[in-house]
Amino acid sequence: MGFIAFLKTQFIVHLLIGFVFVVSGLIINFIQLCTLLLWPINKQLYRRVNCRLAYSLWSQLVMLLEWWSGTECTLFSDEATVKTFGKEHVIIILNHNFEIDFLCGWTMTERFGVLGSSKVLAKRELLYVPLIGWTWYFLEIVFCKRKWEEDRDTVIEGLKRLSDYPEYMWFLLYCEGTRFTETKHRISMEVAESKGLPKLKYHLLPRTKGFTTAVQCLRGTVSAVYDVTLNFRGNKNPSLLGILYGKKYEADMCVRRFPLEDIPQDEKEAANWLHKLYQEKDALQEMYNQEGVFPGKQFKPPRRPWTLLNFLFWATVLLSPLFTFGFGVFASGSPLLILAFLGLVGAASFGVRRLIGVTEIEKGSSYGNQEFKKKE
(Lines give C-alpha, C1' and ligand atoms only; values in the text may rest on other atoms or scores of the structure.)
Protein backbone atom coordinates (compact mmCIF):
# COMPACT_ATOMS: atom_id res chain seq x y z
CA MET A 1 0.00 0.00 0.00
CA GLY A 2 1.42 3.37 -1.07
CA PHE A 3 1.49 6.40 1.19
CA ILE A 4 -1.42 8.11 -0.59
CA ALA A 5 -3.48 4.92 -0.43
CA PHE A 6 -2.65 4.69 3.29
CA LEU A 7 -3.79 8.29 3.89
CA LYS A 8 -7.13 7.56 2.23
CA THR A 9 -7.91 4.98 4.91
CA GLN A 10 -7.16 7.21 7.90
CA PHE A 11 -10.01 8.52 10.03
CA ILE A 12 -8.33 11.85 10.75
CA VAL A 13 -8.07 12.54 7.00
CA HIS A 14 -11.77 11.72 6.58
CA LEU A 15 -12.54 14.07 9.45
CA LEU A 16 -10.60 16.91 7.82
CA ILE A 17 -12.40 16.37 4.51
CA GLY A 18 -15.70 16.38 6.38
CA PHE A 19 -14.69 19.56 8.22
CA VAL A 20 -13.97 21.34 4.95
CA PHE A 21 -17.30 20.20 3.45
CA VAL A 22 -19.41 21.12 6.49
CA VAL A 23 -17.83 24.50 7.26
CA SER A 24 -17.68 25.57 3.62
CA GLY A 25 -21.29 24.45 3.30
CA LEU A 26 -22.36 26.61 6.23
CA ILE A 27 -20.52 29.59 4.73
CA ILE A 28 -22.17 28.96 1.36
CA ASN A 29 -25.61 28.63 3.00
CA PHE A 30 -25.08 31.96 4.75
CA ILE A 31 -24.13 33.64 1.46
CA GLN A 32 -27.21 32.06 -0.14
CA LEU A 33 -29.34 33.53 2.62
CA CYS A 34 -27.91 36.95 1.83
CA THR A 35 -28.69 36.52 -1.88
CA LEU A 36 -32.41 36.48 -1.07
CA LEU A 37 -32.12 40.27 -1.23
CA LEU A 38 -31.55 39.87 -4.98
CA TRP A 39 -34.78 37.97 -5.64
CA PRO A 40 -37.17 40.97 -5.79
CA ILE A 41 -34.59 43.04 -7.69
CA ASN A 42 -33.27 40.55 -10.25
CA LYS A 43 -34.56 36.99 -9.98
CA GLN A 44 -32.39 35.65 -12.79
CA LEU A 45 -29.22 37.07 -11.23
CA TYR A 46 -30.23 35.44 -7.93
CA ARG A 47 -30.54 32.11 -9.74
CA ARG A 48 -27.21 32.40 -11.53
CA VAL A 49 -25.39 33.29 -8.32
CA ASN A 50 -26.95 30.37 -6.46
CA CYS A 51 -26.07 27.94 -9.24
CA ARG A 52 -22.42 28.82 -8.70
CA LEU A 53 -22.66 28.67 -4.93
CA ALA A 54 -24.27 25.23 -5.14
CA TYR A 55 -21.54 24.14 -7.53
CA SER A 56 -18.90 25.11 -4.97
CA LEU A 57 -20.50 22.72 -2.46
CA TRP A 58 -21.63 19.78 -4.62
CA SER A 59 -18.38 19.70 -6.58
CA GLN A 60 -16.56 18.71 -3.39
CA LEU A 61 -18.49 15.42 -3.41
CA VAL A 62 -17.81 15.00 -7.12
CA MET A 63 -14.12 15.57 -6.36
CA LEU A 64 -14.20 12.63 -3.96
CA LEU A 65 -15.59 10.37 -6.67
CA GLU A 66 -13.39 11.56 -9.54
CA TRP A 67 -10.07 12.49 -7.93
CA TRP A 68 -10.01 10.87 -4.47
CA SER A 69 -11.34 7.43 -5.38
CA GLY A 70 -10.55 7.61 -9.08
CA THR A 71 -13.92 6.11 -10.00
CA GLU A 72 -14.45 5.99 -13.76
CA CYS A 73 -17.78 6.65 -15.46
CA THR A 74 -18.47 5.37 -18.98
CA LEU A 75 -21.45 6.40 -21.07
CA PHE A 76 -23.15 4.09 -23.54
CA SER A 77 -25.09 6.16 -26.04
CA ASP A 78 -24.86 7.63 -29.54
CA GLU A 79 -23.01 10.68 -30.80
CA ALA A 80 -26.16 12.66 -31.60
CA THR A 81 -27.37 12.26 -28.01
CA VAL A 82 -24.03 13.12 -26.40
CA LYS A 83 -23.79 16.29 -28.50
CA THR A 84 -26.96 17.60 -26.82
CA PHE A 85 -25.59 17.20 -23.26
CA GLY A 86 -25.45 20.50 -21.41
CA LYS A 87 -27.19 22.34 -24.26
CA GLU A 88 -30.87 21.85 -23.37
CA HIS A 89 -33.31 21.57 -20.48
CA VAL A 90 -34.09 17.90 -19.87
CA ILE A 91 -35.82 15.49 -17.51
CA ILE A 92 -33.57 12.66 -16.28
CA ILE A 93 -34.99 9.25 -15.34
CA LEU A 94 -32.48 7.23 -13.30
CA ASN A 95 -32.77 3.85 -11.61
CA HIS A 96 -32.44 4.04 -7.82
CA ASN A 97 -30.45 0.92 -6.87
CA PHE A 98 -27.21 2.23 -5.40
CA GLU A 99 -26.07 4.46 -2.55
CA ILE A 100 -24.03 6.68 -4.89
CA ASP A 101 -26.28 6.72 -7.96
CA PHE A 102 -26.89 10.44 -7.34
CA LEU A 103 -23.13 11.05 -7.22
CA CYS A 104 -22.58 9.35 -10.58
CA GLY A 105 -25.32 11.56 -11.96
CA TRP A 106 -23.65 14.65 -10.49
CA THR A 107 -20.36 13.62 -12.09
CA MET A 108 -21.97 13.68 -15.51
CA THR A 109 -23.69 17.01 -14.85
CA GLU A 110 -20.32 18.47 -13.80
CA ARG A 111 -18.55 17.25 -16.91
CA PHE A 112 -21.21 18.83 -19.10
CA GLY A 113 -21.45 22.07 -17.12
CA VAL A 114 -24.85 21.78 -15.44
CA LEU A 115 -24.00 20.62 -11.91
CA GLY A 116 -24.96 23.89 -10.22
CA SER A 117 -28.28 24.11 -12.06
CA SER A 118 -29.27 20.45 -11.69
CA LYS A 119 -32.65 19.83 -10.06
CA VAL A 120 -34.47 16.92 -8.46
CA LEU A 121 -37.92 16.02 -7.20
CA ALA A 122 -36.89 15.31 -3.61
CA LYS A 123 -38.60 13.92 -0.55
CA ARG A 124 -39.53 16.69 1.86
CA GLU A 125 -37.54 15.17 4.74
CA LEU A 126 -34.34 16.21 2.96
CA LEU A 127 -35.31 19.87 3.25
CA TYR A 128 -34.42 19.72 6.95
CA VAL A 129 -31.03 18.03 6.46
CA PRO A 130 -28.29 20.63 7.09
CA LEU A 131 -26.32 21.72 4.03
CA ILE A 132 -28.15 19.40 1.62
CA GLY A 133 -31.70 20.58 2.20
CA TRP A 134 -30.71 24.17 2.88
CA THR A 135 -28.75 24.46 -0.36
CA TRP A 136 -31.60 22.87 -2.31
CA TYR A 137 -34.07 25.35 -0.82
CA PHE A 138 -32.18 28.27 -2.35
CA LEU A 139 -31.97 26.38 -5.65
CA GLU A 140 -35.79 26.14 -5.86
CA ILE A 141 -35.73 22.35 -5.63
CA VAL A 142 -39.22 20.83 -5.70
CA PHE A 143 -39.96 18.91 -2.49
CA CYS A 144 -42.79 16.44 -1.97
CA LYS A 145 -44.24 14.33 0.85
CA ARG A 146 -44.82 11.43 -1.58
CA LYS A 147 -48.56 11.63 -0.95
CA TRP A 148 -50.08 12.87 -4.18
CA GLU A 149 -53.24 14.31 -2.64
CA GLU A 150 -51.07 16.64 -0.54
CA ASP A 151 -48.29 17.14 -3.08
CA ARG A 152 -50.24 17.96 -6.24
CA ASP A 153 -50.51 21.76 -5.88
CA THR A 154 -47.03 22.18 -4.39
CA VAL A 155 -45.34 20.11 -7.11
CA ILE A 156 -47.21 21.81 -9.95
CA GLU A 157 -46.40 25.26 -8.58
CA GLY A 158 -42.73 24.37 -8.10
CA LEU A 159 -42.37 22.94 -11.59
CA LYS A 160 -44.06 25.88 -13.29
CA ARG A 161 -41.79 28.25 -11.41
CA LEU A 162 -38.82 26.69 -13.25
CA SER A 163 -40.24 27.44 -16.69
CA ASP A 164 -38.04 30.54 -17.10
CA TYR A 165 -34.88 29.15 -15.49
CA PRO A 166 -31.93 31.01 -17.06
CA GLU A 167 -29.41 28.14 -17.18
CA TYR A 168 -29.72 24.69 -18.71
CA MET A 169 -31.03 22.32 -16.06
CA TRP A 170 -31.21 18.56 -15.74
CA PHE A 171 -34.28 17.69 -13.67
CA LEU A 172 -33.85 14.29 -12.01
CA LEU A 173 -36.77 11.97 -11.34
CA TYR A 174 -36.49 8.73 -9.39
CA CYS A 175 -39.73 7.35 -10.79
CA GLU A 176 -39.58 4.31 -8.52
CA GLY A 177 -40.12 6.68 -5.61
CA THR A 178 -37.63 5.00 -3.30
CA ARG A 179 -34.40 3.03 -3.41
CA PHE A 180 -34.57 -0.61 -4.49
CA THR A 181 -34.57 -3.30 -1.78
CA GLU A 182 -35.68 -6.92 -1.99
CA THR A 183 -38.61 -6.29 0.36
CA LYS A 184 -39.84 -3.29 -1.59
CA HIS A 185 -39.38 -5.18 -4.85
CA ARG A 186 -41.48 -8.10 -3.68
CA ILE A 187 -44.33 -5.82 -2.59
CA SER A 188 -44.02 -3.78 -5.78
CA MET A 189 -44.36 -6.86 -7.97
CA GLU A 190 -47.44 -7.93 -6.04
CA VAL A 191 -48.97 -4.60 -7.03
CA ALA A 192 -47.84 -5.08 -10.64
CA GLU A 193 -49.56 -8.46 -10.72
CA SER A 194 -52.77 -7.03 -9.25
CA LYS A 195 -52.80 -4.31 -11.95
CA GLY A 196 -52.00 -6.67 -14.79
CA LEU A 197 -48.64 -5.04 -15.49
CA PRO A 198 -45.53 -6.99 -16.56
CA LYS A 199 -43.24 -7.78 -13.65
CA LEU A 200 -39.81 -6.18 -13.41
CA LYS A 201 -36.71 -8.01 -12.25
CA TYR A 202 -34.33 -5.14 -11.47
CA HIS A 203 -36.65 -2.20 -10.77
CA LEU A 204 -39.64 -1.25 -8.69
CA LEU A 205 -42.90 -0.41 -10.39
CA PRO A 206 -42.59 3.23 -11.51
CA ARG A 207 -44.94 5.77 -9.97
CA THR A 208 -46.41 7.72 -12.82
CA LYS A 209 -47.91 10.84 -11.19
CA GLY A 210 -44.63 12.70 -10.71
CA PHE A 211 -43.47 11.89 -14.24
CA THR A 212 -46.69 12.82 -16.03
CA THR A 213 -46.98 16.03 -14.01
CA ALA A 214 -43.36 17.02 -14.71
CA VAL A 215 -43.79 16.40 -18.43
CA GLN A 216 -47.03 18.38 -18.49
CA CYS A 217 -45.70 21.35 -16.48
CA LEU A 218 -42.30 21.54 -18.20
CA ARG A 219 -43.55 21.01 -21.75
CA GLY A 220 -42.32 24.02 -23.69
CA THR A 221 -39.28 24.34 -21.42
CA VAL A 222 -37.79 20.86 -21.50
CA SER A 223 -36.63 19.50 -24.85
CA ALA A 224 -36.24 15.83 -24.04
CA VAL A 225 -36.23 13.02 -21.52
CA TYR A 226 -32.92 11.24 -20.89
CA ASP A 227 -33.39 7.69 -19.69
CA VAL A 228 -30.29 6.66 -17.71
CA THR A 229 -29.69 3.08 -16.62
CA LEU A 230 -26.78 2.71 -14.20
CA ASN A 231 -24.77 -0.32 -13.13
CA PHE A 232 -21.29 -1.09 -11.81
CA ARG A 233 -18.72 -3.50 -13.21
CA GLY A 234 -17.84 -6.56 -11.23
CA ASN A 235 -21.28 -6.65 -9.61
CA LYS A 236 -20.05 -4.05 -7.11
CA ASN A 237 -22.39 -2.24 -4.73
CA PRO A 238 -20.46 0.96 -3.91
CA SER A 239 -21.06 3.22 -0.95
CA LEU A 240 -20.13 6.77 -0.01
CA LEU A 241 -17.96 5.37 2.78
CA GLY A 242 -16.15 3.27 0.20
CA ILE A 243 -15.51 6.39 -1.87
CA LEU A 244 -14.19 8.15 1.25
CA TYR A 245 -11.78 5.23 1.80
CA GLY A 246 -10.51 5.70 -1.76
CA LYS A 247 -12.09 2.60 -3.29
CA LYS A 248 -12.22 2.80 -7.07
CA TYR A 249 -15.34 1.71 -8.92
CA GLU A 250 -16.26 1.54 -12.59
CA ALA A 251 -19.70 2.90 -13.38
CA ASP A 252 -21.49 2.29 -16.68
CA MET A 253 -24.47 4.39 -17.75
CA CYS A 254 -26.70 3.72 -20.72
CA VAL A 255 -28.27 7.01 -21.87
CA ARG A 256 -31.17 7.19 -24.32
CA ARG A 257 -32.73 10.47 -25.48
CA PHE A 258 -36.45 10.78 -26.12
CA PRO A 259 -37.69 14.11 -27.60
CA LEU A 260 -40.51 15.45 -25.47
CA GLU A 261 -42.85 15.63 -28.45
CA ASP A 262 -42.62 11.82 -28.68
CA ILE A 263 -44.15 11.44 -25.20
CA PRO A 264 -47.98 11.42 -25.22
CA GLN A 265 -49.72 14.46 -23.79
CA ASP A 266 -52.58 12.39 -22.43
CA GLU A 267 -51.86 11.46 -18.80
CA LYS A 268 -52.90 7.82 -19.11
CA GLU A 269 -50.93 7.32 -22.32
CA ALA A 270 -47.87 9.01 -20.79
CA ALA A 271 -48.14 6.67 -17.79
CA ASN A 272 -48.25 3.67 -20.14
CA TRP A 273 -45.20 5.09 -21.94
CA LEU A 274 -43.33 5.18 -18.62
CA HIS A 275 -44.26 1.58 -17.79
CA LYS A 276 -42.97 0.50 -21.20
CA LEU A 277 -39.77 2.46 -20.59
CA TYR A 278 -39.13 0.57 -17.35
CA GLN A 279 -39.66 -2.74 -19.11
CA GLU A 280 -36.94 -1.65 -21.54
CA LYS A 281 -34.70 -0.59 -18.63
CA ASP A 282 -35.18 -4.04 -17.13
CA ALA A 283 -34.09 -5.63 -20.40
CA LEU A 284 -31.01 -3.38 -20.46
CA GLN A 285 -30.06 -4.50 -16.94
CA GLU A 286 -30.55 -8.14 -17.93
CA MET A 287 -28.26 -7.62 -20.91
CA TYR A 288 -25.66 -5.93 -18.71
CA ASN A 289 -25.69 -8.77 -16.17
CA GLN A 290 -25.22 -11.34 -18.94
CA GLU A 291 -22.75 -9.53 -21.20
CA GLY A 292 -21.13 -6.93 -18.93
CA VAL A 293 -21.91 -4.03 -21.27
CA PHE A 294 -24.82 -1.88 -22.35
CA PRO A 295 -25.65 -1.38 -26.04
CA GLY A 296 -24.33 1.68 -27.83
CA LYS A 297 -21.04 3.43 -28.42
CA GLN A 298 -18.81 4.03 -25.39
CA PHE A 299 -17.91 7.57 -24.32
CA LYS A 300 -15.63 8.64 -21.48
CA PRO A 301 -16.08 12.37 -20.91
CA PRO A 302 -12.85 13.67 -19.32
CA ARG A 303 -12.95 14.89 -15.75
CA ARG A 304 -12.39 18.61 -15.36
CA PRO A 305 -9.93 20.21 -12.90
CA TRP A 306 -12.46 22.63 -11.37
CA THR A 307 -13.77 20.22 -8.71
CA LEU A 308 -10.26 19.60 -7.42
CA LEU A 309 -9.28 23.28 -7.54
CA ASN A 310 -12.48 24.24 -5.71
CA PHE A 311 -11.76 21.76 -2.92
CA LEU A 312 -8.14 22.86 -2.62
CA PHE A 313 -9.32 26.45 -2.29
CA TRP A 314 -11.68 25.63 0.59
CA ALA A 315 -9.10 23.35 2.24
CA THR A 316 -6.49 26.11 2.16
CA VAL A 317 -8.90 28.70 3.54
CA LEU A 318 -10.31 26.52 6.33
CA LEU A 319 -7.58 24.09 7.41
CA SER A 320 -4.82 26.66 7.99
CA PRO A 321 -6.70 28.45 10.81
CA LEU A 322 -7.90 25.07 12.17
CA PHE A 323 -4.33 23.77 12.52
CA THR A 324 -3.22 27.06 14.06
CA PHE A 325 -6.07 26.96 16.55
CA GLY A 326 -5.50 23.29 17.43
CA PHE A 327 -1.80 23.84 17.98
CA GLY A 328 -2.56 26.80 20.25
CA VAL A 329 -5.04 24.73 22.30
CA PHE A 330 -2.55 21.94 22.98
CA ALA A 331 0.30 24.39 23.53
CA SER A 332 -1.74 26.12 26.22
CA GLY A 333 -1.67 22.96 28.37
CA SER A 334 -5.19 23.75 29.64
CA PRO A 335 -7.11 20.48 30.27
CA LEU A 336 -10.41 22.33 29.86
CA LEU A 337 -9.49 23.77 26.47
CA ILE A 338 -8.09 20.44 25.27
CA LEU A 339 -11.23 18.54 26.34
CA ALA A 340 -13.43 21.17 24.70
CA PHE A 341 -11.43 20.89 21.48
CA LEU A 342 -11.63 17.09 21.49
CA GLY A 343 -15.36 17.33 22.17
CA LEU A 344 -15.71 19.60 19.14
CA VAL A 345 -13.82 17.07 17.04
CA GLY A 346 -16.10 14.30 18.28
CA ALA A 347 -19.22 16.33 17.47
CA ALA A 348 -17.88 17.05 13.99
CA SER A 349 -17.21 13.34 13.46
CA PHE A 350 -20.76 12.50 14.52
CA GLY A 351 -22.20 15.15 12.20
CA VAL A 352 -20.22 13.96 9.18
CA ARG A 353 -21.26 10.36 9.86
CA ARG A 354 -24.93 11.40 10.03
CA LEU A 355 -24.66 13.16 6.68
CA ILE A 356 -23.13 10.05 5.11
CA GLY A 357 -25.93 7.99 6.66
CA VAL A 358 -28.47 9.82 4.50
CA THR A 359 -27.19 7.83 1.49
CA GLU A 360 -27.05 4.37 3.10
CA ILE A 361 -29.55 1.84 1.81
CA GLU A 362 -30.12 0.13 5.15
CA LYS A 363 -30.99 3.51 6.67
CA GLY A 364 -33.30 4.49 3.85
CA SER A 365 -36.95 5.32 4.32
CA SER A 366 -39.62 2.66 4.79
CA TYR A 367 -41.54 4.28 1.96
CA GLY A 368 -42.47 1.57 -0.49
CA ASN A 369 -42.70 -1.26 2.03
CA GLN A 370 -46.40 -0.64 2.43
CA GLU A 371 -47.16 2.33 0.17
CA PHE A 372 -47.16 0.13 -2.92
CA LYS A 373 -50.29 -1.48 -1.57
CA LYS A 374 -52.11 1.83 -1.82
CA LYS A 375 -53.35 3.41 -5.01
CA GLU A 376 -51.20 6.15 -6.54
# chains A, B, ... in the order shown; residues from 1 in each chain; ligands from 1

$ residues_around --residues "Leu205 (chain A)" --least-positions-apart "6" --cutoff "10 Å" --atoms "only C-alpha atoms" --output "ChimeraX atom specification"
/A:175-177,184-185,187-192,197-199,274-275,278-279,372

$ residues_around --residues "Thr229 (chain A)" --least-positions-apart "3" --cutoff "7 Å" --atoms "only C-alpha atoms" --output "NGL selection string"
:A and (94-95 or 253-255 or 281)

$ write_last_selection --atoms "all heavy atoms" --output "JSON list (two decimals), in the first residue's frame"
[["chain", "number", "residue", "atom", "x", "y", "z"],
["A", 94, "LEU", "N", -33.61, 8.06, -13.74],
["A", 94, "LEU", "CA", -32.48, 7.23, -13.30],
["A", 94, "LEU", "C", -32.97, 6.14, -12.36],
["A", 94, "LEU", "O", -33.80, 6.39, -11.48],
["A", 94, "LEU", "CB", -31.46, 8.12, -12.58],
["A", 94, "LEU", "CG", -30.23, 7.46, -11.97],
["A", 94, "LEU", "CD1", -29.37, 6.81, -13.05],
["A", 94, "LEU", "CD2", -29.40, 8.47, -11.18],
["A", 95, "ASN", "N", -32.44, 4.94, -12.54],
["A", 95, "ASN", "CA", -32.77, 3.85, -11.61],
["A", 95, "ASN", "C", -32.14, 4.14, -10.24],
["A", 95, "ASN", "O", -31.07, 4.74, -10.15],
["A", 95, "ASN", "CB", -32.29, 2.49, -12.15],
["A", 95, "ASN", "CG", -30.82, 2.46, -12.51],
["A", 95, "ASN", "OD1", -30.34, 3.28, -13.29],
["A", 95, "ASN", "ND2", -30.09, 1.52, -11.93],
["A", 253, "MET", "N", -23.15, 3.77, -17.63],
["A", 253, "MET", "CA", -24.47, 4.39, -17.75],
["A", 253, "MET", "C", -24.94, 4.36, -19.19],
["A", 253, "MET", "O", -24.25, 4.88, -20.08],
["A", 253, "MET", "CB", -24.43, 5.84, -17.25],
["A", 253, "MET", "CG", -24.30, 5.97, -15.75],
["A", 253, "MET", "SD", -24.26, 7.70, -15.20],
["A", 253, "MET", "CE", -22.51, 8.03, -15.35],
["A", 254, "CYS", "N", -26.08, 3.74, -19.40],
["A", 254, "CYS", "CA", -26.70, 3.72, -20.72],
["A", 254, "CYS", "C", -27.67, 4.90, -20.79],
["A", 254, "CYS", "O", -28.59, 5.01, -19.97],
["A", 254, "CYS", "CB", -27.44, 2.40, -20.93],
["A", 254, "CYS", "SG", -28.27, 2.30, -22.54],
["A", 255, "VAL", "N", -27.46, 5.79, -21.76],
["A", 255, "VAL", "CA", -28.27, 7.01, -21.87],
["A", 255, "VAL", "C", -29.01, 7.00, -23.21],
["A", 255, "VAL", "O", -28.39, 6.90, -24.27],
["A", 255, "VAL", "CB", -27.40, 8.28, -21.77],
["A", 255, "VAL", "CG1", -28.29, 9.52, -21.80],
["A", 255, "VAL", "CG2", -26.56, 8.26, -20.51],
["A", 281, "LYS", "N", -35.82, -0.72, -19.57],
["A", 281, "LYS", "CA", -34.70, -0.59, -18.63],
["A", 281, "LYS", "C", -34.37, -1.94, -18.01],
["A", 281, "LYS", "O", -33.20, -2.27, -17.78],
["A", 281, "LYS", "CB", -35.05, 0.43, -17.53],
["A", 281, "LYS", "CG", -35.09, 1.87, -18.00],
["A", 281, "LYS", "CD", -35.61, 2.82, -16.93],
["A", 281, "LYS", "CE", -34.60, 3.06, -15.82],
["A", 281, "LYS", "NZ", -33.47, 3.89, -16.28]]

$ closest_residue --among "A:Val215, A:Pro166, A:Gly246, A:Glu99" --to "Asn42 (chain A)" --atoms "only C-alpha atoms"
A:Pro166

$ select_by_dssp --residues "region 96-140 of chain A" --states "strand (DSSP E or B)" --output "ChimeraX atom specification"
/A:119-123

$ write_last_selection --atoms "N, CA, C and O atoms" --output "short mmCIF file (atom, residue, chain, number, x, y, z; two decimals), in the first residue's frame"
data_model
loop_
_atom_site.label_atom_id
_atom_site.label_comp_id
_atom_site.auth_asym_id
_atom_site.auth_seq_id
_atom_site.Cartn_x
_atom_site.Cartn_y
_atom_site.Cartn_z
N LYS A 119 -31.49 19.84 -10.94
CA LYS A 119 -32.65 19.83 -10.06
C LYS A 119 -33.07 18.39 -9.79
O LYS A 119 -32.65 17.46 -10.46
N VAL A 120 -33.96 18.24 -8.80
CA VAL A 120 -34.47 16.92 -8.46
C VAL A 120 -35.83 17.08 -7.80
O VAL A 120 -36.10 18.10 -7.16
N LEU A 121 -36.69 16.09 -7.98
CA LEU A 121 -37.92 16.02 -7.20
C LEU A 121 -37.58 15.21 -5.96
O LEU A 121 -37.39 14.00 -6.02
N ALA A 122 -37.46 15.91 -4.82
CA ALA A 122 -36.89 15.31 -3.61
C ALA A 122 -37.93 15.13 -2.53
O ALA A 122 -38.91 15.89 -2.44
N LYS A 123 -37.71 14.12 -1.69
CA LYS A 123 -38.60 13.92 -0.55
C LYS A 123 -38.43 15.07 0.44
O LYS A 123 -37.31 15.56 0.66
#

$ closest_residue --among "A:Gln298, A:Ser332, A:Gln44, A:Ser239" --to "Ser77 (chain A)" --atoms "only C-alpha atoms"
A:Gln298

$ atom_distance --atom1 "CA of Ala224 (chain A)" --atom2 "CA of His89 (chain A)"
7.4 Å

$ residues_around --residues "Ala251 (chain A)" --least-positions-apart "5" --cutoff "10 Å" --atoms "only C-alpha atoms" --output "list in words"
Thr71, Glu72, Cys73, Thr74, Leu75, Asp101, Cys104, Leu230, Asn231, Phe232, Arg233, Gly234, Lys236 and Pro238 of chain A

$ atom_distance --atom1 "CA of Lys8 (chain A)" --atom2 "CA of Ser69 (chain A)"
8.7 Å

$ closest_residue --among "A:Gly343, A:Ala271, A:Ser117, A:Ile243" --to "Arg48 (chain A)" --atoms "only C-alpha atoms"
A:Ser117

$ closest_residue --among "A:Ile31, A:Val228, A:Leu126, A:Val62" --to "Val49 (chain A)" --atoms "only C-alpha atoms"
A:Ile31
